[in-house]
file coords_0.cif (mmCIF, C-alpha atoms)
data_target
#
loop_
_atom_site.label_atom_id
_atom_site.label_comp_id
_atom_site.auth_asym_id
_atom_site.auth_seq_id
_atom_site.Cartn_x
_atom_site.Cartn_y
_atom_site.Cartn_z
CA MET A 43 -11.97 13.97 -15.15
CA SER A 44 -15.09 13.11 -17.07
CA GLY A 45 -18.52 13.52 -15.57
CA PRO A 46 -19.75 11.22 -12.82
CA ASN A 47 -22.66 9.71 -14.71
CA THR A 48 -20.90 7.87 -17.49
CA THR A 49 -19.03 4.61 -17.71
CA GLY A 50 -15.68 5.29 -19.36
CA ALA A 51 -13.16 2.74 -20.63
CA GLY A 52 -9.60 2.87 -19.41
CA SER A 53 -8.42 1.29 -22.66
CA GLY A 54 -9.87 0.13 -25.95
CA ALA A 55 -12.96 -1.99 -26.18
CA SER A 56 -10.89 -5.08 -26.77
CA GLY A 57 -7.49 -6.36 -25.79
CA PRO A 58 -5.57 -9.50 -24.94
CA ASN A 59 -6.88 -11.90 -22.35
CA VAL A 60 -4.73 -13.28 -19.55
CA ALA A 61 -5.17 -15.71 -16.70
CA GLY A 62 -6.99 -14.26 -13.73
CA ALA A 63 -3.96 -15.16 -11.64
CA GLU A 64 -1.89 -12.68 -13.68
CA VAL A 65 -4.34 -9.87 -12.90
CA ILE A 66 -4.28 -10.82 -9.22
CA ALA A 67 -0.47 -10.82 -9.22
CA ILE A 68 -0.35 -7.28 -10.64
CA LEU A 69 -2.89 -6.05 -8.10
CA ASP A 70 -1.06 -7.73 -5.23
CA ASP A 71 2.16 -6.09 -6.35
CA ALA A 72 0.55 -2.65 -6.54
CA TYR A 73 -1.48 -3.05 -3.33
CA PRO A 74 0.29 -5.66 -1.15
CA ARG A 75 -2.13 -7.54 1.07
CA ARG A 76 0.33 -7.29 3.98
CA LEU A 77 -0.57 -3.57 4.15
CA ALA A 78 -4.21 -4.34 4.98
CA GLU A 79 -5.46 -3.71 8.50
CA PRO A 80 -5.93 -6.88 10.60
CA TRP A 81 -9.73 -6.57 10.55
CA ASP A 82 -9.95 -6.11 6.79
CA SER A 83 -10.85 -8.59 4.05
CA VAL A 84 -8.89 -8.12 0.82
CA GLY A 85 -7.92 -10.16 -2.23
CA PRO A 86 -10.02 -12.54 -4.34
CA VAL A 87 -13.64 -12.98 -3.26
CA CYS A 88 -14.95 -15.27 -5.97
CA GLY A 89 -13.84 -16.54 -9.35
CA ASP A 90 -11.32 -19.06 -10.65
CA PRO A 91 -7.80 -17.61 -11.08
CA LEU A 92 -7.24 -20.04 -13.96
CA GLU A 93 -10.07 -18.50 -15.99
CA ARG A 94 -9.11 -16.00 -18.69
CA VAL A 95 -9.68 -12.28 -18.19
CA GLY A 96 -9.97 -9.93 -21.15
CA SER A 97 -11.78 -7.00 -19.56
CA VAL A 98 -12.12 -5.60 -16.04
CA LEU A 99 -14.51 -3.18 -14.39
CA VAL A 100 -13.15 -1.04 -11.52
CA CYS A 101 -15.45 0.45 -8.89
CA VAL A 102 -15.64 1.71 -5.31
CA ASP A 103 -18.63 -0.40 -4.19
CA VAL A 104 -20.03 -3.65 -5.57
CA THR A 105 -23.73 -2.97 -6.09
CA ASP A 106 -26.35 -4.64 -8.26
CA ASP A 107 -25.91 -1.81 -10.78
CA VAL A 108 -22.15 -2.47 -10.89
CA VAL A 109 -22.78 -6.16 -11.58
CA ASP A 110 -25.25 -5.15 -14.33
CA ALA A 111 -22.57 -2.96 -15.90
CA ALA A 112 -19.93 -5.70 -15.67
CA VAL A 113 -22.20 -8.24 -17.34
CA ALA A 114 -23.26 -5.77 -20.02
CA MET A 115 -19.67 -4.98 -21.00
CA GLY A 116 -18.64 -8.64 -20.88
CA ALA A 117 -16.15 -8.16 -18.05
CA GLN A 118 -14.60 -11.24 -16.49
CA MET A 119 -13.50 -9.46 -13.31
CA ILE A 120 -14.55 -6.61 -11.02
CA VAL A 121 -11.90 -4.84 -8.95
CA ALA A 122 -13.53 -3.04 -6.02
CA HIS A 123 -12.24 -0.86 -3.21
CA HIS A 124 -14.85 -1.66 -0.58
CA PRO A 125 -15.19 -5.30 0.49
CA LEU A 126 -18.50 -6.90 -0.40
CA LEU A 127 -18.08 -9.39 2.45
CA LEU A 128 -16.61 -8.12 5.71
CA ARG A 129 -18.06 -8.00 9.19
CA GLY A 130 -20.81 -10.33 10.36
CA VAL A 131 -21.26 -12.28 7.13
CA ASP A 132 -22.07 -15.92 7.88
CA SER A 133 -24.11 -16.70 4.77
CA VAL A 134 -24.03 -15.97 1.06
CA ALA A 135 -27.43 -17.52 0.43
CA ALA A 136 -29.09 -16.17 -2.69
CA ASP A 137 -31.99 -14.76 -0.64
CA THR A 138 -29.65 -12.35 1.21
CA ALA A 139 -28.66 -8.98 -0.24
CA LYS A 140 -24.96 -9.71 -0.57
CA GLY A 141 -25.45 -13.39 -1.28
CA ARG A 142 -27.57 -12.44 -4.29
CA VAL A 143 -24.65 -10.41 -5.64
CA VAL A 144 -22.20 -13.28 -5.11
CA HIS A 145 -24.52 -15.72 -6.89
CA ARG A 146 -24.97 -13.32 -9.81
CA LEU A 147 -21.21 -12.87 -10.14
CA ILE A 148 -20.56 -16.61 -10.17
CA ARG A 149 -23.40 -17.38 -12.60
CA SER A 150 -22.14 -14.65 -14.93
CA GLY A 151 -18.53 -15.80 -14.78
CA VAL A 152 -17.34 -12.55 -13.19
CA ALA A 153 -14.57 -12.75 -10.62
CA LEU A 154 -14.35 -10.24 -7.77
CA PHE A 155 -11.18 -8.83 -6.24
CA THR A 156 -10.99 -6.30 -3.39
CA ALA A 157 -8.18 -3.91 -2.45
CA HIS A 158 -9.26 -1.90 0.59
CA THR A 159 -7.01 -0.71 3.43
CA ASN A 160 -4.01 -2.15 1.62
CA ALA A 161 -4.82 0.29 -1.22
CA ASP A 162 -5.24 3.05 1.38
CA SER A 163 -1.67 2.56 2.63
CA ALA A 164 0.06 1.58 -0.63
CA ARG A 165 2.07 4.14 -2.57
CA PRO A 166 0.69 5.05 -4.97
CA GLY A 167 -2.68 4.32 -3.46
CA VAL A 168 -6.06 5.87 -2.71
CA SER A 169 -4.80 9.10 -1.17
CA ASP A 170 -2.15 9.56 -3.85
CA ALA A 171 -4.89 9.42 -6.49
CA LEU A 172 -6.90 12.01 -4.51
CA ALA A 173 -3.84 14.26 -4.16
CA ASP A 174 -3.17 14.04 -7.90
CA VAL A 175 -6.72 15.10 -8.80
CA LEU A 176 -6.44 18.08 -6.44
CA ASP A 177 -2.97 19.15 -7.65
CA VAL A 178 -1.31 18.42 -4.30
CA VAL A 179 2.40 17.72 -4.84
CA ASP A 180 5.49 16.57 -2.89
CA THR A 181 3.40 14.32 -0.65
CA VAL A 182 4.39 12.04 2.22
CA PRO A 183 2.15 9.81 4.40
CA ILE A 184 0.27 11.46 7.25
CA ASP A 185 0.47 8.28 9.31
CA PRO A 186 3.44 6.31 7.92
CA ARG A 187 3.67 2.64 8.67
CA PRO A 188 6.84 1.57 10.47
CA ARG A 189 9.21 -0.49 8.41
CA ALA A 190 9.63 -4.15 9.29
CA PRO A 191 12.16 -4.49 12.16
CA MET A 192 15.60 -5.05 10.70
CA ASP A 193 18.96 -6.39 11.87
CA LYS A 194 22.37 -5.50 10.55
CA TRP A 195 24.74 -8.45 10.37
CA VAL A 196 28.51 -8.01 10.56
CA VAL A 197 30.43 -11.22 9.85
CA MET A 198 34.21 -11.85 9.84
CA VAL A 199 35.19 -14.59 7.40
CA PRO A 200 38.47 -15.65 5.72
CA GLU A 201 38.80 -14.05 2.27
CA GLY A 202 38.61 -17.36 0.45
CA ASN A 203 35.34 -18.32 2.16
CA ALA A 204 33.49 -15.01 1.95
CA GLU A 205 31.41 -15.93 -1.09
CA GLN A 206 30.11 -19.22 0.34
CA VAL A 207 29.06 -17.50 3.57
CA THR A 208 27.35 -14.54 1.89
CA GLU A 209 25.53 -16.80 -0.58
CA ALA A 210 24.22 -18.93 2.28
CA MET A 211 22.99 -15.83 4.12
CA PHE A 212 21.37 -14.50 0.93
CA ALA A 213 19.58 -17.83 0.48
CA ALA A 214 18.16 -17.44 4.00
CA GLY A 215 16.68 -14.05 3.06
CA ALA A 216 19.39 -11.64 4.17
CA GLY A 217 20.61 -8.81 1.96
CA ALA A 218 17.18 -7.65 0.74
CA ILE A 219 16.64 -3.89 0.52
CA GLY A 220 13.41 -2.82 -1.19
CA GLU A 221 13.48 -4.07 -4.77
CA TYR A 222 17.12 -5.15 -4.51
CA ARG A 223 18.47 -8.52 -3.42
CA ASP A 224 21.88 -9.96 -2.47
CA CYS A 225 23.05 -6.61 -1.08
CA SER A 226 26.22 -6.56 1.03
CA TRP A 227 29.30 -4.48 1.78
CA SER A 228 32.75 -5.77 2.67
CA VAL A 229 36.27 -4.65 3.46
CA VAL A 230 39.44 -6.66 4.13
CA GLY A 231 41.14 -6.58 7.50
CA THR A 232 43.20 -8.79 9.76
CA GLY A 233 41.62 -11.22 12.19
CA GLN A 234 43.48 -12.66 15.18
CA PHE A 235 42.87 -15.59 17.56
CA GLU A 236 44.61 -18.26 19.63
CA ALA A 237 43.07 -21.74 19.69
CA GLN A 238 42.88 -23.37 23.11
CA ALA A 239 43.42 -27.05 23.95
CA ALA A 240 39.83 -28.21 23.33
CA ALA A 241 39.45 -26.28 20.05
CA ASP A 242 39.43 -27.75 16.55
CA PRO A 243 40.68 -24.79 14.46
CA ALA A 244 40.16 -24.69 10.70
CA ILE A 245 43.21 -22.42 10.46
CA GLY A 246 46.22 -22.22 12.77
CA MET A 247 47.61 -24.39 15.53
CA ILE A 248 46.61 -25.06 19.16
CA GLY A 249 48.30 -22.57 21.47
CA GLU A 250 49.63 -20.33 18.69
CA ARG A 251 48.36 -16.85 17.96
CA THR A 252 47.12 -16.76 14.38
CA ARG A 253 46.51 -13.79 12.10
CA VAL A 254 44.27 -14.19 9.04
CA ASP A 255 43.23 -11.86 6.20
CA GLU A 256 39.46 -11.70 6.62
CA ASP A 257 36.52 -10.00 4.93
CA ARG A 258 34.28 -7.95 7.17
CA VAL A 259 30.91 -8.55 5.49
CA GLU A 260 27.86 -6.45 6.34
CA MET A 261 24.24 -6.93 5.26
CA VAL A 262 20.74 -6.39 6.59
CA ALA A 263 17.95 -8.88 7.23
CA ALA A 264 14.43 -8.77 8.59
CA ARG A 265 14.48 -9.46 12.31
CA GLY A 266 12.06 -12.32 11.86
CA LEU A 267 14.72 -14.14 9.81
CA ARG A 268 17.33 -14.03 12.58
CA ARG A 269 17.32 -17.75 13.36
CA ALA A 270 17.39 -18.79 9.69
CA VAL A 271 20.23 -16.39 8.86
CA LEU A 272 22.23 -17.49 11.89
CA ASP A 273 21.84 -21.15 10.96
CA ALA A 274 22.94 -20.39 7.40
CA LEU A 275 25.94 -18.41 8.61
CA ARG A 276 27.10 -21.16 10.97
CA GLY A 277 26.53 -23.86 8.38
CA ALA A 278 28.64 -22.14 5.71
CA HIS A 279 31.38 -20.57 7.85
CA PRO A 280 34.66 -22.52 8.06
CA TYR A 281 35.37 -21.49 11.64
CA GLU A 282 34.31 -23.50 14.65
CA GLU A 283 33.38 -20.22 16.37
CA PRO A 284 32.48 -17.59 13.75
CA ALA A 285 32.88 -13.96 14.80
CA PHE A 286 29.77 -11.91 14.04
CA ASP A 287 27.65 -9.06 15.39
CA ILE A 288 23.88 -8.61 15.15
CA LEU A 289 22.82 -4.97 15.48
CA GLU A 290 19.13 -4.09 15.83
CA LEU A 291 18.46 -1.14 13.54
CA ALA A 292 16.36 1.82 14.70
CA ASP A 293 12.75 1.88 13.53
CA VAL A 294 12.19 4.39 10.72
CA ALA A 295 9.00 5.44 8.99
CA SER A 296 8.31 3.98 5.57
CA ASP A 297 6.91 5.77 2.52
CA VAL A 298 3.59 3.93 2.82
CA GLY A 299 0.77 4.60 5.24
CA LEU A 300 -2.56 6.37 5.60
CA GLY A 301 -3.28 9.77 4.08
CA ARG A 302 -0.93 12.17 2.33
CA ILE A 303 0.32 15.66 3.15
CA GLY A 304 1.96 17.97 0.66
CA ARG A 305 1.63 21.42 -0.83
CA PRO A 306 -0.72 22.93 -3.41
CA ALA A 307 0.76 23.26 -6.88
CA ARG A 308 -0.17 26.96 -6.90
CA PRO A 309 -1.05 29.55 -4.22
CA VAL A 310 -4.66 29.27 -3.07
CA THR A 311 -6.90 30.23 -0.18
CA VAL A 312 -9.01 27.78 1.79
CA GLY A 313 -12.12 28.92 -0.06
CA GLU A 314 -10.49 28.57 -3.46
CA PHE A 315 -9.24 25.13 -2.57
CA ALA A 316 -12.70 24.06 -1.41
CA ASP A 317 -14.04 25.24 -4.78
CA LEU A 318 -11.37 23.13 -6.51
CA VAL A 319 -12.45 20.09 -4.49
CA ARG A 320 -16.07 20.67 -5.52
CA ASP A 321 -15.20 21.10 -9.19
CA ARG A 322 -12.77 18.19 -9.45
CA LEU A 323 -14.54 15.52 -7.36
CA HIS A 324 -18.19 15.99 -8.41
CA SER A 325 -19.32 14.70 -5.02
CA PRO A 326 -22.97 13.60 -5.16
CA SER A 327 -23.30 14.30 -1.43
CA GLY A 328 -21.83 17.79 -1.74
CA VAL A 329 -18.82 19.47 -0.18
CA ARG A 330 -18.74 20.91 3.35
CA MET A 331 -16.12 23.32 4.64
CA ALA A 332 -15.05 24.53 8.09
CA GLY A 333 -12.53 27.34 8.47
CA ASP A 334 -11.64 30.81 7.22
CA PRO A 335 -12.15 30.83 3.44
CA ASP A 336 -9.65 33.68 3.05
CA ALA A 337 -6.81 31.94 4.90
CA PRO A 338 -3.81 31.06 2.70
CA VAL A 339 -3.01 27.42 2.06
CA GLU A 340 0.61 26.29 2.08
CA SER A 341 0.13 22.71 3.26
CA VAL A 342 -2.65 20.29 2.25
CA ALA A 343 -3.54 16.95 3.85
CA VAL A 344 -5.80 14.46 2.09
CA CYS A 345 -7.25 11.09 3.02
CA GLY A 346 -9.62 9.14 0.82
CA GLY A 347 -12.65 7.79 2.66
CA ALA A 348 -13.24 8.39 6.37
CA GLY A 349 -10.36 10.45 7.75
CA ASP A 350 -11.31 11.96 11.08
CA SER A 351 -9.11 9.44 12.90
CA LEU A 352 -6.17 11.38 11.40
CA LEU A 353 -7.23 14.81 12.68
CA ASP A 354 -4.63 14.91 15.47
CA ALA A 355 -1.85 13.75 13.14
CA VAL A 356 -2.85 16.31 10.50
CA THR A 357 -2.83 19.06 13.12
CA ALA A 358 0.58 17.97 14.41
CA ALA A 359 1.91 17.99 10.85
CA GLY A 360 0.87 21.62 10.44
CA ALA A 361 -1.57 21.23 7.54
CA ASP A 362 -3.58 24.31 6.63
CA VAL A 363 -6.46 22.31 5.15
CA PHE A 364 -7.55 18.68 5.36
CA VAL A 365 -9.66 17.06 2.62
CA THR A 366 -11.42 13.81 3.45
CA GLY A 367 -14.89 12.32 3.92
CA ASP A 368 -17.28 11.29 6.69
CA LEU A 369 -16.17 13.97 9.15
CA ARG A 370 -18.24 13.76 12.33
CA HIS A 371 -19.48 16.82 14.20
CA HIS A 372 -17.67 16.39 17.51
CA PRO A 373 -14.21 15.38 16.22
CA ALA A 374 -14.35 18.21 13.68
CA ASP A 375 -15.49 20.71 16.31
CA GLU A 376 -12.78 19.65 18.77
CA SER A 377 -10.12 19.84 16.08
CA ARG A 378 -11.12 23.37 15.09
CA ARG A 379 -11.19 24.47 18.76
CA ARG A 380 -7.63 23.20 19.20
CA GLY A 381 -6.36 25.17 16.23
CA GLY A 382 -6.56 22.35 13.72
CA PRO A 383 -6.65 22.85 9.95
CA ALA A 384 -9.55 24.04 7.87
CA LEU A 385 -11.67 21.05 6.93
CA VAL A 386 -13.17 20.09 3.58
CA ASP A 387 -15.50 17.09 3.63
CA ALA A 388 -16.25 15.87 0.11
CA GLY A 389 -17.86 12.57 1.04
CA HIS A 390 -16.58 9.03 1.26
CA TRP A 391 -17.24 7.86 -2.30
CA ALA A 392 -15.95 11.00 -4.03
CA THR A 393 -12.63 11.04 -2.18
CA GLU A 394 -11.98 7.38 -3.04
CA PHE A 395 -13.26 7.34 -6.60
CA PRO A 396 -10.03 8.76 -8.17
CA TRP A 397 -8.32 5.51 -7.17
CA CYS A 398 -10.40 3.66 -9.76
CA GLY A 399 -8.57 5.46 -12.55
CA GLN A 400 -5.27 4.59 -10.94
CA VAL A 401 -6.17 0.89 -10.92
CA ALA A 402 -7.19 1.07 -14.56
CA ARG A 403 -3.81 2.55 -15.53
CA VAL A 404 -1.95 -0.09 -13.51
CA LEU A 405 -3.72 -2.95 -15.28
CA VAL A 406 -3.62 -1.45 -18.77
CA ASP A 407 0.08 -0.59 -18.49
CA ALA A 408 1.01 -4.02 -17.11
CA LEU A 409 -1.26 -6.32 -19.12
CA GLY A 410 -2.82 -4.34 -21.96
CA ILE A 411 -6.28 -5.69 -21.15
CA ALA A 412 -9.45 -3.63 -21.51
CA VAL A 413 -10.37 -1.82 -18.30
CA ALA A 414 -13.42 0.36 -17.62
CA VAL A 415 -14.17 2.55 -14.62
CA HIS A 416 -17.70 2.54 -13.23
CA ARG A 417 -18.31 6.28 -12.96
CA VAL A 418 -21.94 6.22 -11.86
CA PRO A 419 -21.74 7.18 -8.16
CA THR A 420 -22.44 4.44 -5.64
CA ASP A 421 -22.51 7.00 -2.83
CA PRO A 422 -25.70 6.25 -0.83
CA PHE A 423 -26.14 9.99 -0.14
CA ARG A 424 -27.31 12.78 -2.43
CA LEU A 425 -27.23 16.53 -1.83
CA VAL A 426 -30.80 17.81 -1.43
CA GLY A 427 -30.20 21.54 -1.19
CA ARG A 428 -28.87 24.37 0.89
CA PRO A 429 -30.63 25.61 4.05
#
call {"tool": "encode", "arguments": {"input": "coords_0.cif", "output": "structure tokens"}}
result
Amino acid sequence: MSGPNTTGAGSGASGPNVAGAEVIAILDDAYPRRLAEPWDSVGPVCGDPLERVGSVLVCVDVTDDVVDAAVAMGAQMIVAHHPLLLRGVDSVAADTAKGRVVHRLIRSGVALFTAHTNADSARPGVSDALADVLDVVDTVPIDPRPRAPMDKWVVMVPEGNAEQVTEAMFAAGAGAIGEYRDCSWSVVGTGQFEAQAAADPAIGMIGERTRVDEDRVEMVAARGLRRAVLDALRGAHPYEEPAFDILELADVASDVGLGRIGRPARPVTVGEFADLVRDRLHSPSGVRMAGDPDAPVESVAVCGGAGDSLLDAVTAAGADVFVTGDLRHHPADESRRRGGPALVDAGHWATEFPWCGQVARVLVDALGIAVAVHRVPTDPFRLVGRP
């Protein structure tokens, strides 16, 4: 990684220009807004998505210096990690600190987009970028998000009508698994029924036992789609009383969520790993360590930004060392007393900054536009010296 006090381009000085909406679509795909915490504010902040974007500046915080850099390089969009507007903002008047920034952005024709806690949970996201810089491999989330509740549908339908029923269920949203759609499984069996006097059977006669070659069709659907899928099934099925089962699937952890835990790419001690953190992250606020520097490290947990809320989860996962920022005295002390991992605090900005390079690669690979990373630290703290 290049030094912290330069502004480096993620691609050439020039490139194609695209609609702002195309940039937003790529960012939303990489960092889905649905992953953001309920209290967060993510997505477009200002700017017209119909305007053309030829160059982008990526940063952690939107400061006056960042806006200066964006204007100087002719950027049409800033992509930031930390929201400029979040809690308690009821005015963007030009005589307020943040309002001044908003007015400057609009006057300069620079759009602003934020990916915050959605980028923290996405995979790859903030903590993946941190793990990559520190050579931590084979990672999984420390605090995985549960998958959306799912149902499994099992439907019996005459062979000749199976396609119309499955297509109707697909149209209602069933059969989606990750990046795949229209997923189902089926096998042929024999169905049996006897229509009673008040029935109106599509097949068979009143009072006679009927056997029919039927497809047993299985597919999954989000639980929130249950009513829509049921209506589609009933509307397309030839039977007066379709036979079906709805099975609620067990909740399983997803591959997205906060933090990452993995293993070091090579054998290290706690002290050696802390030195690696210092050398790779260039933290302007310095690096603090708690723990035995000679202890071996077999498992590493990382969390970009403020991570002490994950201390219990990191301890339960058996990590030998935890790298994050903004560790407070009492939570850190309590964690160490309870046998928690060694702790390496490299500061909030430094542990999130590697994500900026990840964003640059995402946009360059997808759109070929020019992307620069604002490398001048926006960390409000500086290391003064050692006691």
call {"tool": "residues_around", "arguments": {"input": "coords_0.cif", "residues": "range 386-399 of chain A", "least_positions_apart": "6", "cutoff": "8 Å", "atoms": "all atoms listed in the file", "output": "number ranges by chain"}}
result
A: 52, 100-102, 167-169, 171-172, 175, 316, 319-320, 323-332, 345-348, 363-369, 415, 419-421
call {"tool": "closest_residue", "arguments": {"input": "coords_0.cif", "among": "A:Leu99, A:Ala78, A:Val229, A:Ile288", "to": "Ala153 in chain A", "atoms": "only C-alpha atoms"}}
result
A:Leu99
call {"tool": "resolve_selection", "arguments": {"input": "coords_0.cif", "expression": "the PyMOL selection byres ((chain A and resi 85) around 8)", "output": "VMD selection string"}}
result
chain A and resid 66 70 75 83 to 84 86 to 87 155 to 157
call {"tool": "write_last_selection", "arguments": {"input": "coords_0.cif", "atoms": "C-alpha atoms", "output": "short mmCIF file (atom, residue, chain, number, x, y, z; two decimals), keeping the file's coordinate frame"}}
result
data_model
loop_
_atom_site.label_atom_id
_atom_site.label_comp_id
_atom_site.auth_asym_id
_atom_site.auth_seq_id
_atom_site.Cartn_x
_atom_site.Cartn_y
_atom_site.Cartn_z
CA ILE A 66 -4.28 -10.82 -9.22
CA ASP A 70 -1.06 -7.73 -5.23
CA ARG A 75 -2.13 -7.54 1.07
CA SER A 83 -10.85 -8.59 4.05
CA VAL A 84 -8.89 -8.12 0.82
CA PRO A 86 -10.02 -12.54 -4.34
CA VAL A 87 -13.64 -12.98 -3.26
CA PHE A 155 -11.18 -8.83 -6.24
CA THR A 156 -10.99 -6.30 -3.39
CA ALA A 157 -8.18 -3.91 -2.45
#
call {"tool": "closest_residue", "arguments": {"input": "coords_0.cif", "among": "A:Asn160, A:Thr208, A:Thr311, A:Thr181", "to": "Val196 in chain A", "atoms": "all atoms listed in the file"}}
result
A:Thr208
call {"tool": "closest_atom_pairs", "arguments": {"input": "coords_0.cif", "of": "range 184-235 of chain A", "to": "range 291-306 of chain A", "cutoff": "9 Å", "atoms": "all atoms listed in the file", "output": "tab-separated table"}}
result
residue	atom	partner	partner_atom	distance
A:Ile184	CA	A:Gly301	CA	5.1
A:Asp185	CA	A:Leu300	CA	5.2
A:Pro186	CA	A:Gly299	CA	4.2
A:Arg187	CA	A:Gly299	CA	4.9
A:Pro188	CA	A:Ala295	CA	4.7
A:Arg189	CA	A:Ser296	CA	5.4
A:Ala190	CA	A:Asp293	CA	8.0
A:Pro191	CA	A:Asp293	CA	6.5
A:Met192	CA	A:Leu291	CA	5.6
A:Asp193	CA	A:Leu291	CA	5.5
A:Lys194	CA	A:Leu291	CA	6.6
call {"tool": "residues_near_point", "arguments": {"input": "coords_0.cif", "point": "(-1.8, -12.1, -14.8)", "cutoff": "12 Å", "atoms": "all atoms listed in the file", "output": "tab-separated table (two decimals) with C-alpha atoms, in the coordinates of the input"}}
result
chain	number	residue	atom	x	y	z
A	58	PRO	CA	-5.57	-9.50	-24.94
A	59	ASN	CA	-6.88	-11.90	-22.35
A	60	VAL	CA	-4.73	-13.28	-19.55
A	61	ALA	CA	-5.17	-15.71	-16.70
A	62	GLY	CA	-6.99	-14.26	-13.73
A	63	ALA	CA	-3.96	-15.16	-11.64
A	64	GLU	CA	-1.89	-12.68	-13.68
A	65	VAL	CA	-4.34	-9.87	-12.90
A	66	ILE	CA	-4.28	-10.82	-9.22
A	67	ALA	CA	-0.47	-10.82	-9.22
A	68	ILE	CA	-0.35	-7.28	-10.64
A	69	LEU	CA	-2.89	-6.05	-8.10
A	70	ASP	CA	-1.06	-7.73	-5.23
A	71	ASP	CA	2.16	-6.09	-6.35
A	91	PRO	CA	-7.80	-17.61	-11.08
A	92	LEU	CA	-7.24	-20.04	-13.96
A	93	GLU	CA	-10.07	-18.50	-15.99
A	94	ARG	CA	-9.11	-16.00	-18.69
A	95	VAL	CA	-9.68	-12.28	-18.19
A	96	GLY	CA	-9.97	-9.93	-21.15
A	405	LEU	CA	-3.72	-2.95	-15.28
A	406	VAL	CA	-3.62	-1.45	-18.77
A	408	ALA	CA	1.01	-4.02	-17.11
A	409	LEU	CA	-1.26	-6.32	-19.12
A	410	GLY	CA	-2.82	-4.34	-21.96
A	411	ILE	CA	-6.28	-5.69	-21.15
call {"tool": "resolve_selection", "arguments": {"input": "coords_0.cif", "expression": "the PyMOL selection byres ((chain A and resi 275) around 10)", "output": "ChimeraX atom specification"}}
result
/A:197,206-212,214,269-274,276-280,284,286
call {"tool": "residues_around", "arguments": {"input": "coords_0.cif", "residues": "Asp180 in chain A", "least_positions_apart": "2", "cutoff": "12 Å", "atoms": "all atoms listed in the file", "output": "PyMOL selection string"}}
result
chain A and resi 170+173-174+177-178+182-183+302-307+340-343
call {"tool": "resolve_selection", "arguments": {"input": "coords_0.cif", "expression": "the PyMOL selection byres ((chain A and resi 375) around 12)", "output": "list in words"}}
result
Met331, Ala332, Gly333, Asp350, Leu353, Leu369, Arg370, His371, His372, Pro373, Ala374, Glu376, Ser377, Arg378, Arg379, Arg380, Gly381, Gly382, Pro383, Ala384 and Leu385 of chain A
